[in-house]
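J.: One structure coming up, written as structure tokens, with questions to follow.
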Amino acid sequence: VAIGVLGAGQLGRMLALAGYPLGLEFAFYDKPVNAPAAHLGQYFSSCQQGDALAQFLAVAGVVTYETENVPLSLAEQIAKHKRLYPGIQSLRLGQNRIAEKKLFKQLNIPTPAYQEVHNEAELKAAVADIGLPAVLKTVTLGYDGKGQILLKEEADLARAWQKLQGDPLVVEAFVYYQREVSIIGVRNRESEMAFYPVTENYHHQGILRYSLAPAPALLGAIADQARQYMAVLLTHLNHIGVLALELFETEQGLLANEMAPRVHNSGHWTINGAVTSQFENHLRAIAGLPLGSTALCQPYAAMVNIIGSYGNTRAVLAIPGAHLHCYGKEARPGRKIGHINLTAQTEQQQQALMRQLAAYLPPSAPVLA
Ligand code: AMP
């Protein structure tokens, strides 16, 4: 039997690449006729003739998902017949910013101030409470900065409302963070847990551009706090598989931004930088296997996303310790089509290697300063 994966994008592709050495086989269910993971297992496209879902379920054992945008009704239908990991509860939460924020609050995980808004008057009232700047976001289906608008002044409110209205919306306080970090944790069917080192992430125009692991100069107490939040979430959700939590580091400590019940872009460095990658550990967790070590292979690791075009990949491969990961996607402006992983013995070396990848980074990237 195969591991069934809902979604056949790059995350599904990297799950399969991590699973082959373990002797695992894969089946994917998605929409596009040609998807990044389509050739890495049996592929069932919902655009094909016949009942692709039934065919997928006929060959799948355990089922997982590579995106939280799987329709809940589909996940619930599948969960009646198959073990679905991470569970429905994690999926439901990961789809909805309000549900996520309520859970953070319930578990004493601090978040930016927020209010749900249903009309323009409520938006005005919420902003009067929260103050400006603020960020208006869709409650569901946002990714890579899509579905969110920064509100700087009163005049922005009407325009933002016009643009996003129709979907459920939430307005939240703008956070003057020192930096963004994330933690990736994993829990298996025996409730064993493991945590990767906290990672520093730099976003530009809403898209992750690079990650540094471990987050430079992170206080031990902050790292412990992040691990504790992750452990509480994994346990409370009875989560099986990988969970990612994105946080803002502020002078007052960590604020939770959002979580993703899946392997995550800020964990791509683990493919070459950790003893066991997030992809392998997700598979181990859902397949009922022991978890692997989440320790760094070398003291420093980093990941740079390839966005829009592949650039000079020959030059990338000439950099010592650099690894190229291409997703088999058509190059298009603003699209994540691959990433580069680096490992280094010293922080200086890590920084020097990052500067060699300047062509892949926005000029504003702090790592280039
Ligand atoms: P999200 O889709 O919520 O992860 O937001 C994408 C990116 O927008 C984040 O990684 C931040 O860089 C930025 N962002 C989102 N929410 C806020 C906020 N409340 N304050 C400041 N920046 C934010």
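Ordering of the structure tokens sets the chain letters (A, B, ...), residue numbers begin anew at 1 in every chain, and ligands are numbered from 1 in the order given.
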When DSSP works through the backbone of this structure, what residues of stretch 187-242 of chain A end up as helix (DSSP H, G or I), shown as a PyMOL selection string?
T.: chain A and resi 220-236
J.: Keeping only all heavy atoms, write the selected residues as a compact mmCIF listing (two decimals), in the first residue's frame.
T.:
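Wrote again01.txt, looks like this:
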```
# COMPACT_ATOMS: atom_id res chain seq x y z
N GLY A 220 18.25 31.38 24.88
CA GLY A 220 17.80 30.03 25.24
C GLY A 220 16.38 30.03 25.76
O GLY A 220 15.58 29.13 25.44
N ALA A 221 16.03 31.06 26.54
CA ALA A 221 14.69 31.11 27.13
C ALA A 221 13.62 31.27 26.05
O ALA A 221 12.52 30.73 26.17
CB ALA A 221 14.60 32.27 28.13
N ILE A 222 13.95 32.00 24.98
CA ILE A 222 12.98 32.20 23.89
C ILE A 222 12.81 30.88 23.12
O ILE A 222 11.70 30.49 22.76
CB ILE A 222 13.45 33.32 22.93
CG1 ILE A 222 13.59 34.65 23.68
CG2 ILE A 222 12.53 33.47 21.74
CD1 ILE A 222 12.30 35.39 23.92
N ALA A 223 13.92 30.20 22.87
CA ALA A 223 13.85 28.91 22.18
C ALA A 223 13.01 27.92 23.01
O ALA A 223 12.18 27.19 22.46
CB ALA A 223 15.25 28.36 21.94
N ASP A 224 13.22 27.92 24.32
CA ASP A 224 12.45 27.02 25.20
C ASP A 224 10.96 27.35 25.13
O ASP A 224 10.11 26.46 25.10
CB ASP A 224 12.91 27.17 26.65
CG ASP A 224 14.29 26.59 26.87
OD1 ASP A 224 14.77 25.86 25.97
OD2 ASP A 224 14.91 26.88 27.92
N GLN A 225 10.67 28.66 25.08
CA GLN A 225 9.28 29.10 25.01
C GLN A 225 8.63 28.59 23.72
O GLN A 225 7.51 28.08 23.74
CB GLN A 225 9.25 30.64 25.05
CG GLN A 225 7.88 31.24 25.12
CD GLN A 225 7.28 31.18 26.51
OE1 GLN A 225 7.58 32.01 27.34
NE2 GLN A 225 6.44 30.21 26.75
N ALA A 226 9.34 28.73 22.61
CA ALA A 226 8.81 28.26 21.33
C ALA A 226 8.55 26.75 21.37
O ALA A 226 7.51 26.27 20.92
CB ALA A 226 9.78 28.61 20.20
N ARG A 227 9.49 26.01 21.93
CA ARG A 227 9.32 24.54 22.04
C ARG A 227 8.12 24.20 22.91
O ARG A 227 7.36 23.28 22.61
CB ARG A 227 10.58 23.91 22.64
CG ARG A 227 11.47 23.24 21.61
CD ARG A 227 12.52 22.37 22.26
NE ARG A 227 13.31 23.13 23.22
CZ ARG A 227 14.38 23.87 22.91
NH1 ARG A 227 14.80 23.92 21.66
NH2 ARG A 227 15.03 24.53 23.85
N GLN A 228 7.95 24.96 23.98
CA GLN A 228 6.83 24.70 24.88
C GLN A 228 5.50 24.96 24.15
O GLN A 228 4.57 24.16 24.24
CB GLN A 228 6.96 25.57 26.12
CG GLN A 228 5.98 25.19 27.24
CD GLN A 228 4.94 26.28 27.49
OE1 GLN A 228 5.24 27.46 27.33
NE2 GLN A 228 3.74 25.89 27.84
N TYR A 229 5.41 26.05 23.40
CA TYR A 229 4.18 26.33 22.64
C TYR A 229 3.90 25.18 21.66
O TYR A 229 2.77 24.73 21.52
CB TYR A 229 4.30 27.65 21.86
CG TYR A 229 4.37 28.91 22.69
CD1 TYR A 229 4.93 30.08 22.18
CD2 TYR A 229 3.85 28.95 23.99
CE1 TYR A 229 4.98 31.25 22.93
CE2 TYR A 229 3.91 30.12 24.76
CZ TYR A 229 4.48 31.26 24.22
OH TYR A 229 4.55 32.42 24.95
N MET A 230 4.94 24.76 20.99
CA MET A 230 4.78 23.67 20.02
C MET A 230 4.32 22.38 20.71
O MET A 230 3.40 21.71 20.23
CB MET A 230 6.10 23.46 19.28
CG MET A 230 6.12 22.31 18.28
SD MET A 230 4.76 22.28 17.08
CE MET A 230 5.18 23.66 16.04
N ALA A 231 4.93 22.05 21.84
CA ALA A 231 4.57 20.82 22.55
C ALA A 231 3.11 20.86 23.00
O ALA A 231 2.37 19.87 22.87
CB ALA A 231 5.49 20.63 23.77
N VAL A 232 2.66 22.03 23.49
CA VAL A 232 1.28 22.18 23.95
C VAL A 232 0.31 22.01 22.76
O VAL A 232 -0.72 21.34 22.87
CB VAL A 232 1.11 23.56 24.63
CG1 VAL A 232 -0.35 23.92 24.81
CG2 VAL A 232 1.83 23.58 25.97
N LEU A 233 0.67 22.62 21.62
CA LEU A 233 -0.19 22.50 20.43
C LEU A 233 -0.27 21.06 19.93
O LEU A 233 -1.35 20.53 19.67
CB LEU A 233 0.35 23.40 19.30
CG LEU A 233 0.05 24.89 19.43
CD1 LEU A 233 0.88 25.69 18.42
CD2 LEU A 233 -1.43 25.18 19.22
N LEU A 234 0.89 20.41 19.81
CA LEU A 234 0.91 19.03 19.30
C LEU A 234 0.07 18.13 20.19
O LEU A 234 -0.71 17.30 19.70
CB LEU A 234 2.35 18.50 19.27
CG LEU A 234 3.28 19.04 18.18
CD1 LEU A 234 4.72 18.58 18.44
CD2 LEU A 234 2.84 18.59 16.79
N THR A 235 0.22 18.31 21.50
CA THR A 235 -0.48 17.43 22.45
C THR A 235 -1.97 17.74 22.45
O THR A 235 -2.80 16.83 22.35
CB THR A 235 0.11 17.62 23.86
OG1 THR A 235 1.53 17.45 23.77
CG2 THR A 235 -0.47 16.63 24.85
N HIS A 236 -2.31 19.03 22.51
CA HIS A 236 -3.72 19.41 22.57
C HIS A 236 -4.47 18.92 21.34
O HIS A 236 -5.61 18.46 21.43
CB HIS A 236 -3.85 20.93 22.70
CG HIS A 236 -5.28 21.40 22.65
ND1 HIS A 236 -6.07 21.48 23.79
CD2 HIS A 236 -6.07 21.77 21.63
CE1 HIS A 236 -7.28 21.89 23.45
NE2 HIS A 236 -7.30 22.08 22.14
```
J.: Quick one: residues within 7 Å of stretch 26-42 of chain A, only C-alpha atoms counted, chain neighbours fewer than 5 positions away excluded, as number ranges by chain?
T.: A: 2-10, 12-13, 16, 47, 56, 60, 327-329
J.: Which residue, A:Ala344, A:Val135, A:Ala369, A:Leu164, has the smallest gap to ligand 1 when you use only C-alpha atoms and all ligand atoms?
T.: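 Residue with the minimum atom-to-atom distance to ligand 1: A:Val135.
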J.: What does the distance between atom CA of A:Gln356 and atom CA of A:Gly206 come to in Å, to one decimal place?
T.: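 Here the two named atoms are 23.3 Å from each other.
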J.: Find the nearest atom pair between each residue of chain A and ligand 1 for residues within 8 Å, count only C-alpha atoms and all ligand atoms, give distances in Å to one decimal, sort rows by chain and ascending number, and present the table as CSV.
T.:
```
residue,atom,partner,partner_atom_place_in_ligand_line,distance
A:Pro112,CA,ligand 1,19 (N),6.3
A:Ala134,CA,ligand 1,19 (N),6.6
A:Val135,CA,ligand 1,19 (N),5.7
A:Lys137,CA,ligand 1,3 (O),7.6
A:Gly142,CA,ligand 1,2 (O),6.0
A:Tyr143,CA,ligand 1,2 (O),5.3
A:Asp144,CA,ligand 1,2 (O),5.9
A:Gly145,CA,ligand 1,6 (C),4.7
A:Lys146,CA,ligand 1,2 (O),7.2
A:Gly147,CA,ligand 1,2 (O),8.0
A:Gln148,CA,ligand 1,2 (O),7.4
A:Glu172,CA,ligand 1,19 (N),5.5
A:Ala173,CA,ligand 1,19 (N),5.2
A:Phe174,CA,ligand 1,20 (N),3.6
A:Val175,CA,ligand 1,20 (N),3.8
A:Tyr176,CA,ligand 1,21 (C),6.3
A:Tyr177,CA,ligand 1,21 (C),7.0
A:Glu180,CA,ligand 1,10 (O),6.9
A:Tyr202,CA,ligand 1,12 (O),7.4
A:His203,CA,ligand 1,12 (O),5.2
A:His204,CA,ligand 1,12 (O),7.0
A:Gln205,CA,ligand 1,8 (O),7.4
A:Gly206,CA,ligand 1,7 (C),4.4
A:Ile207,CA,ligand 1,6 (C),6.9
A:Leu208,CA,ligand 1,10 (O),7.2
A:Glu246,CA,ligand 1,4 (O),7.1
A:Asn257,CA,ligand 1,3 (O),5.9
A:Glu258,CA,ligand 1,3 (O),6.1
```
J.: Please give the complete set of residues from stretch 192-349 of chain A that DSSP, run on the backbone, assigns to strand (DSSP E), formatted as an MDAnalysis selection string.
T.: chainID A and resid 193:195 199:204 207:213 241:250 253:260 300:307 322:326 336:344
J.: So that I can see what lies close to A:Gly185, please list as JSON, numbers by chain the residues with an atom at most 6 Å from it, counting only C-alpha atoms and leaving out residues fewer than 3 positions away in the same chain.
T.: {"A": [194, 195, 242, 243]}
